[in-house]
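Structure file input-v6.cif; described as mmCIF, C-alpha atoms.
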```cif
data_entry
#
loop_
_atom_site.label_atom_id
_atom_site.label_comp_id
_atom_site.auth_asym_id
_atom_site.auth_seq_id
_atom_site.Cartn_x
_atom_site.Cartn_y
_atom_site.Cartn_z
CA MET Q 1 150.85 27.26 99.26
CA ALA Q 2 151.87 30.70 97.96
CA ASP Q 3 149.72 33.39 96.46
CA PRO Q 4 150.62 35.16 93.17
CA LEU Q 5 152.49 37.88 95.06
CA GLY Q 6 154.88 35.35 96.51
CA THR Q 7 153.82 35.64 100.14
CA SER Q 8 152.98 32.62 102.21
CA LEU Q 9 149.35 32.04 103.09
CA HIS Q 10 150.21 29.80 106.04
CA HIS Q 11 151.23 32.69 108.24
CA LYS Q 12 148.58 34.32 110.36
CA THR Q 13 147.75 37.84 109.36
CA VAL Q 14 149.13 40.32 111.81
CA GLU Q 15 146.49 42.61 113.22
CA LYS Q 16 147.47 45.99 114.45
CA ARG Q 17 146.01 46.63 117.86
CA LEU Q 18 144.85 50.10 118.65
CA PRO Q 19 144.75 51.49 122.16
CA ARG Q 20 141.47 51.01 123.96
CA PRO Q 21 139.31 54.13 123.82
CA THR Q 22 138.73 55.79 127.16
CA LYS Q 23 135.22 55.54 128.52
CA VAL Q 24 133.43 58.74 129.36
CA LYS Q 25 131.91 58.47 132.82
CA ASN Q 26 129.89 61.66 132.97
CA LYS Q 27 127.85 61.97 129.78
CA THR Q 28 125.83 65.00 130.79
CA PRO Q 29 126.52 68.14 128.76
CA ALA Q 30 128.59 70.90 130.32
CA PRO Q 31 126.66 74.01 131.35
CA VAL Q 32 128.80 76.14 128.98
CA GLN Q 33 129.48 74.65 125.57
CA ILE Q 34 132.75 75.55 123.81
CA THR Q 35 133.05 75.16 120.07
CA ALA Q 36 136.18 74.23 118.18
CA GLU Q 37 136.08 77.67 116.60
CA GLN Q 38 136.29 79.31 120.03
CA ILE Q 39 139.26 77.14 121.01
CA VAL Q 40 141.11 78.04 117.81
CA ARG Q 41 140.30 81.75 118.22
CA GLU Q 42 141.54 81.80 121.83
CA ALA Q 43 144.72 79.97 120.88
CA LYS Q 44 145.35 82.45 118.09
CA GLU Q 45 144.78 85.42 120.43
CA ARG Q 46 147.22 84.04 122.99
CA GLN Q 47 149.77 83.35 120.29
CA ASP Q 48 149.43 86.87 118.89
CA ASP Q 49 150.02 88.38 122.33
CA GLU Q 50 153.25 86.44 122.81
CA MET Q 51 154.63 86.73 119.29
CA ALA Q 52 153.54 90.21 118.23
CA PRO Q 53 156.06 91.42 115.61
CA ARG Q 54 157.67 94.78 116.05
CA LEU Q 55 156.21 97.14 113.50
CA GLY Q 56 158.80 99.90 113.86
CA ARG Q 57 161.92 100.58 111.91
CA ILE Q 58 165.40 100.00 113.18
CA THR Q 59 166.56 103.38 114.38
CA ASP Q 60 170.07 102.93 115.73
CA ALA Q 61 173.14 100.71 115.43
CA GLU Q 62 172.32 98.83 118.62
CA GLU Q 63 168.91 97.74 117.32
CA LEU Q 64 170.50 96.70 114.03
CA ALA Q 65 173.09 94.63 115.87
CA GLU Q 66 170.33 92.95 117.93
CA TYR Q 67 168.33 92.22 114.77
CA ARG Q 68 171.35 90.72 113.01
CA LEU Q 69 172.25 88.62 116.04
CA LYS Q 70 168.69 87.30 116.27
CA LYS Q 71 168.57 86.45 112.56
CA ARG Q 72 171.97 84.74 112.67
CA LYS Q 73 170.85 82.66 115.63
CA GLU Q 74 167.70 81.64 113.74
CA PHE Q 75 169.72 80.67 110.65
CA GLU Q 76 172.28 78.74 112.71
CA ASP Q 77 169.49 76.87 114.53
CA THR Q 78 167.89 76.03 111.19
CA ILE Q 79 171.06 74.68 109.63
CA ARG Q 80 171.84 72.76 112.81
CA ARG Q 81 168.45 71.04 112.52
CA VAL Q 82 168.51 70.44 108.75
CA ARG Q 83 172.20 70.33 107.94
CA TRP Q 84 171.73 68.63 104.55
CA ASN Q 85 169.11 71.11 103.34
CA GLN Q 86 171.02 73.26 100.86
CA GLY Q 87 168.16 75.77 100.67
CA ALA Q 88 168.67 76.77 104.30
CA TRP Q 89 172.38 77.36 103.70
CA VAL Q 90 171.71 79.40 100.55
CA LYS Q 91 169.15 81.60 102.32
CA TYR Q 92 171.62 82.23 105.13
CA ALA Q 93 174.46 83.12 102.75
CA LYS Q 94 172.24 85.41 100.67
CA TRP Q 95 170.99 87.14 103.81
CA GLU Q 96 174.57 87.77 104.96
CA GLU Q 97 175.34 89.15 101.51
CA SER Q 98 172.29 91.43 101.72
CA GLN Q 99 173.64 92.76 105.02
CA GLY Q 100 176.85 93.74 103.22
CA ASP Q 101 179.02 91.34 105.20
CA LEU Q 102 180.79 89.48 102.39
CA GLY Q 103 183.25 87.82 104.75
CA ARG Q 104 180.42 86.16 106.67
CA ALA Q 105 178.61 85.30 103.45
CA ALA Q 106 181.75 83.63 102.07
CA SER Q 107 182.12 81.77 105.36
CA VAL Q 108 178.58 80.41 105.06
CA TRP Q 109 179.22 79.38 101.44
CA GLU Q 110 182.41 77.59 102.50
CA ARG Q 111 180.57 75.77 105.27
CA THR Q 112 177.94 74.79 102.71
CA LEU Q 113 180.64 73.30 100.51
CA ASP Q 114 182.01 71.43 103.52
CA VAL Q 115 178.63 69.74 103.86
CA ASP Q 116 178.29 68.84 100.16
CA TYR Q 117 180.88 69.95 97.64
CA HIS Q 118 179.27 67.83 94.90
CA ASN Q 119 176.35 70.26 94.61
CA VAL Q 120 177.05 72.23 91.42
CA SER Q 121 174.39 74.88 92.08
CA VAL Q 122 176.14 75.86 95.34
CA TRP Q 123 179.39 76.44 93.45
CA LEU Q 124 177.58 78.50 90.82
CA LYS Q 125 175.77 80.67 93.38
CA TYR Q 126 178.93 81.20 95.41
CA VAL Q 127 180.93 82.29 92.36
CA ASP Q 128 178.01 84.46 91.23
CA MET Q 129 178.14 86.31 94.56
CA GLU Q 130 181.87 86.88 94.19
CA MET Q 131 181.42 88.16 90.63
CA ARG Q 132 178.55 90.49 91.57
CA HIS Q 133 180.83 92.18 94.08
CA ARG Q 134 183.71 92.30 91.58
CA ARG Q 135 185.94 89.99 93.59
CA ILE Q 136 187.50 88.47 90.50
CA ASN Q 137 190.46 86.75 92.15
CA HIS Q 138 188.14 85.09 94.67
CA ALA Q 139 185.96 83.90 91.78
CA ARG Q 140 189.01 82.53 89.93
CA ASN Q 141 190.13 80.65 93.03
CA LEU Q 142 186.65 79.20 93.38
CA TRP Q 143 186.54 78.12 89.74
CA ASP Q 144 189.96 76.46 90.12
CA ARG Q 145 188.74 74.56 93.19
CA ALA Q 146 185.44 73.62 91.56
CA VAL Q 147 186.95 72.23 88.35
CA SER Q 148 189.66 70.37 90.25
CA LEU Q 149 187.14 68.76 92.63
CA LEU Q 150 184.51 68.12 89.93
CA PRO Q 151 186.48 67.84 86.67
CA ARG Q 152 183.73 66.01 84.78
CA VAL Q 153 181.06 68.67 85.29
CA ASP Q 154 181.01 70.52 81.99
CA GLN Q 155 178.85 73.38 83.28
CA LEU Q 156 181.60 74.50 85.66
CA TRP Q 157 184.17 74.54 82.85
CA TYR Q 158 181.86 76.48 80.53
CA LYS Q 159 181.06 79.09 83.15
CA TYR Q 160 184.74 79.45 84.08
CA ILE Q 161 185.71 79.97 80.43
CA HIS Q 162 182.80 82.38 79.94
CA MET Q 163 183.96 84.46 82.91
CA GLU Q 164 187.53 84.65 81.57
CA GLU Q 165 186.24 85.62 78.11
CA MET Q 166 184.07 88.37 79.61
CA LEU Q 167 187.15 89.69 81.40
CA GLY Q 168 189.17 89.57 78.17
CA ASN Q 169 191.57 87.02 79.62
CA VAL Q 170 191.26 84.37 76.92
CA ALA Q 171 194.93 83.30 77.07
CA GLY Q 172 194.94 82.95 80.86
CA GLY Q 173 191.77 80.85 81.21
CA PRO Q 174 191.48 77.58 83.10
CA ALA Q 175 194.65 75.54 83.34
CA GLY Q 176 193.04 72.43 81.87
CA VAL Q 177 191.81 74.11 78.68
#
```
Starting from the file, lay out its structure as C-alpha cells.
Amino acid sequence: MADPLGTSLHHKTVEKRLPRPTKVKNKTPAPVQITAEQIVREAKERQDDEMAPRLGRITDAEELAEYRLKKRKEFEDTIRRVRWNQGAWVKYAKWEESQGDLGRAASVWERTLDVDYHNVSVWLKYVDMEMRHRRINHARNLWDRAVSLLPRVDQLWYKYIHMEEMLGNVAGGPAGV
C-alpha cells in the first residue's frame, strides 16, 4: 500500500547510525579547570603572533615587488580554487588595474572570458576598464568580439553604439547596425 506521497510503506525505514560515544574513564575533575573562553583567547593570541600584519609603509621598489608578488600569488591561488567564481577574477583584474599594470589586467580579463564568455557583466567591466584608460581601439576590438560572440544580447549593442556616439563616430559604429 502507498501513502499519499507515493512512497511505499512496505520498506523498512532506514535508520542512520551514529558513532558510539566514547566513555570517559576518569570522571574526577582536573586540578586546573580551563574554560572555553580561555581556549579561544589562547588560540587567538597564538594566531596573532604568527599572522601579525606589517603596519609600515612600503618604502622601496623591492618591498613593492615583494608585495605585488605576494598578492598575485594569493589571487592565483584563489582563482585556482574557485575557477568559476567571477568575483574572484574581477577583484584580481581590478587590483592589477589599480597597480597601473594594464597589460596584466587585460590578461586577467582575457582569462576570465576564457572561463565564461557568456557573462555579459565581465564584458562590460573589461570594456569599461579600457575606456577609462582611453584605449579606444582596444575597446572597439572588445565590442566587436562581444557582439559577434553574443549577438542577441541587446545591452552589448546599446553600449557599443553609445560609445561610438560619445566619440562622434556615428557613421563608423558597429558593423551590424
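Minimum atom-to-atom distances from Q:Glu42, Q:Asp154, Q:Asp114, Q:Asp144 to Val127 in chain Q were compared using all atoms listed in the file, and the lowest value belongs to Q:Asp144.
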Taking the file above as input, evaluate the PyMOL selection byres ((chain Q and resi 161-172) around 12) and report the hits as number ranges by chain.
Q: 124, 127-128, 130-132, 134, 136-137, 139-140, 143-144, 147, 154-160, 173-177
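Here CA of Ala106 in chain Q stands at a distance of 24.8 Å from CA of Arg152 in chain Q.
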Figure out the distance between CA of His118 in chain Q and CA of Ala146 in chain Q, please, to one decimal in Å.
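Answer for the CA of Ala146 in chain Q to CA of His118 in chain Q separation: 9.1 Å.
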Calculate how many Å separate CA of Arg57 in chain Q from CA of Lys91 in chain Q, rounding to one decimal.
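If I compute the distance from CA of Arg57 in chain Q to CA of Lys91 in chain Q, I get 22.5 Å.
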Hey, which of Q:Gln38, Q:Ser98, Q:Asn141, Q:Thr112 ends up closest to Arg83 in chain Q? Count only C-alpha atoms.
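Distance minimum relative to Arg83 in chain Q lands on Q:Thr112.
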With all atoms listed in the file as the counted atoms, please give the residues lying no more than 9 Å from Asp116 in chain Q, apart from itself and same-chain residues fewer than 5 positions off, as a JSON list (two decimals) with C-alpha atoms, in the frame of the given file.
```
[["chain", "number", "residue", "atom", "x", "y", "z"],
["Q", 84, "TRP", "CA", 171.73, 68.63, 104.55],
["Q", 86, "GLN", "CA", 171.02, 73.26, 100.86],
["Q", 111, "ARG", "CA", 180.57, 75.77, 105.27],
["Q", 122, "VAL", "CA", 176.14, 75.86, 95.34]]
```
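Residue nearest Ala65 in chain Q within the list Q:Asn119, Q:Asn26, Q:Gln99, Q:Asn85: Q:Gln99 [criterion: smallest interatomic distance, only C-alpha atoms].
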Measuring between only C-alpha atoms, which one of Q:Gly100, Q:Gly56, Q:Pro151, Q:Pro21 shows the shortest distance to Arg68 in chain Q?
Q:Gly100
Hey, could you patch up range 128-154 of chain Q with N, CA, C and O atoms and hand it over as a compact mmCIF listing (two decimals), keeping the file's coordinate frame?
```txt
# COMPACT_ATOMS: atom_id res chain seq x y z
N ASP Q 128 178.85 83.34 91.67
CA ASP Q 128 178.01 84.46 91.23
C ASP Q 128 178.06 85.60 92.25
O ASP Q 128 178.17 86.77 91.87
N MET Q 129 178.03 85.27 93.53
CA MET Q 129 178.14 86.31 94.56
C MET Q 129 179.48 87.04 94.46
O MET Q 129 179.53 88.27 94.50
N GLU Q 130 180.54 86.27 94.29
CA GLU Q 130 181.87 86.88 94.19
C GLU Q 130 181.97 87.79 92.95
O GLU Q 130 182.53 88.88 93.02
N MET Q 131 181.38 87.35 91.85
CA MET Q 131 181.42 88.16 90.63
C MET Q 131 180.58 89.42 90.76
O MET Q 131 180.98 90.49 90.29
N ARG Q 132 179.40 89.31 91.40
CA ARG Q 132 178.55 90.49 91.57
C ARG Q 132 179.25 91.59 92.35
O ARG Q 132 179.02 92.76 92.11
N HIS Q 133 180.12 91.19 93.26
CA HIS Q 133 180.83 92.18 94.08
C HIS Q 133 182.23 92.45 93.55
O HIS Q 133 183.08 93.01 94.25
N ARG Q 134 182.46 92.03 92.31
CA ARG Q 134 183.71 92.30 91.58
C ARG Q 134 184.96 91.78 92.31
O ARG Q 134 186.00 92.41 92.28
N ARG Q 135 184.79 90.64 92.93
CA ARG Q 135 185.94 89.99 93.59
C ARG Q 135 186.44 88.90 92.65
O ARG Q 135 186.21 87.70 92.86
N ILE Q 136 187.12 89.35 91.61
CA ILE Q 136 187.50 88.47 90.50
C ILE Q 136 188.48 87.39 90.94
O ILE Q 136 188.34 86.22 90.56
N ASN Q 137 189.48 87.75 91.72
CA ASN Q 137 190.46 86.75 92.15
C ASN Q 137 189.82 85.68 93.04
O ASN Q 137 190.18 84.50 92.94
N HIS Q 138 188.87 86.08 93.87
CA HIS Q 138 188.14 85.09 94.67
C HIS Q 138 187.37 84.14 93.75
O HIS Q 138 187.36 82.93 93.96
N ALA Q 139 186.73 84.72 92.73
CA ALA Q 139 185.96 83.90 91.78
C ALA Q 139 186.88 82.93 91.04
O ALA Q 139 186.54 81.76 90.86
N ARG Q 140 188.05 83.41 90.62
CA ARG Q 140 189.01 82.53 89.93
C ARG Q 140 189.45 81.38 90.83
O ARG Q 140 189.52 80.23 90.40
N ASN Q 141 189.74 81.71 92.08
CA ASN Q 141 190.13 80.65 93.03
C ASN Q 141 189.01 79.62 93.21
O ASN Q 141 189.28 78.42 93.28
N LEU Q 142 187.78 80.11 93.25
CA LEU Q 142 186.65 79.20 93.38
C LEU Q 142 186.51 78.31 92.15
O LEU Q 142 186.28 77.10 92.27
N TRP Q 143 186.64 78.92 90.96
CA TRP Q 143 186.54 78.12 89.74
C TRP Q 143 187.64 77.07 89.72
O TRP Q 143 187.38 75.91 89.34
N ASP Q 144 188.86 77.44 90.10
CA ASP Q 144 189.96 76.46 90.12
C ASP Q 144 189.63 75.30 91.06
O ASP Q 144 189.85 74.13 90.73
N ARG Q 145 189.11 75.63 92.25
CA ARG Q 145 188.74 74.56 93.19
C ARG Q 145 187.62 73.70 92.64
O ARG Q 145 187.65 72.47 92.75
N ALA Q 146 186.61 74.35 92.05
CA ALA Q 146 185.44 73.62 91.56
C ALA Q 146 185.83 72.64 90.45
O ALA Q 146 185.43 71.47 90.48
N VAL Q 147 186.60 73.12 89.47
CA VAL Q 147 186.95 72.23 88.35
C VAL Q 147 187.97 71.17 88.75
O VAL Q 147 188.05 70.13 88.11
N SER Q 148 188.74 71.42 89.80
CA SER Q 148 189.66 70.37 90.25
C SER Q 148 188.93 69.31 91.08
O SER Q 148 189.27 68.13 91.02
N LEU Q 149 187.91 69.72 91.85
CA LEU Q 149 187.14 68.76 92.63
C LEU Q 149 186.10 68.02 91.79
O LEU Q 149 185.80 66.85 92.04
N LEU Q 150 185.55 68.71 90.80
CA LEU Q 150 184.51 68.12 89.93
C LEU Q 150 184.90 68.29 88.47
O LEU Q 150 184.26 69.04 87.71
N PRO Q 151 185.97 67.60 88.03
CA PRO Q 151 186.48 67.84 86.67
C PRO Q 151 185.55 67.38 85.56
O PRO Q 151 185.67 67.83 84.43
N ARG Q 152 184.60 66.53 85.83
CA ARG Q 152 183.73 66.01 84.78
C ARG Q 152 182.42 66.78 84.65
O ARG Q 152 181.55 66.39 83.88
N VAL Q 153 182.28 67.86 85.38
CA VAL Q 153 181.06 68.67 85.29
C VAL Q 153 181.32 69.77 84.27
O VAL Q 153 182.02 70.75 84.56
N ASP Q 154 180.76 69.59 83.09
CA ASP Q 154 181.01 70.52 81.99
C ASP Q 154 180.53 71.94 82.29
O ASP Q 154 181.16 72.91 81.89
```
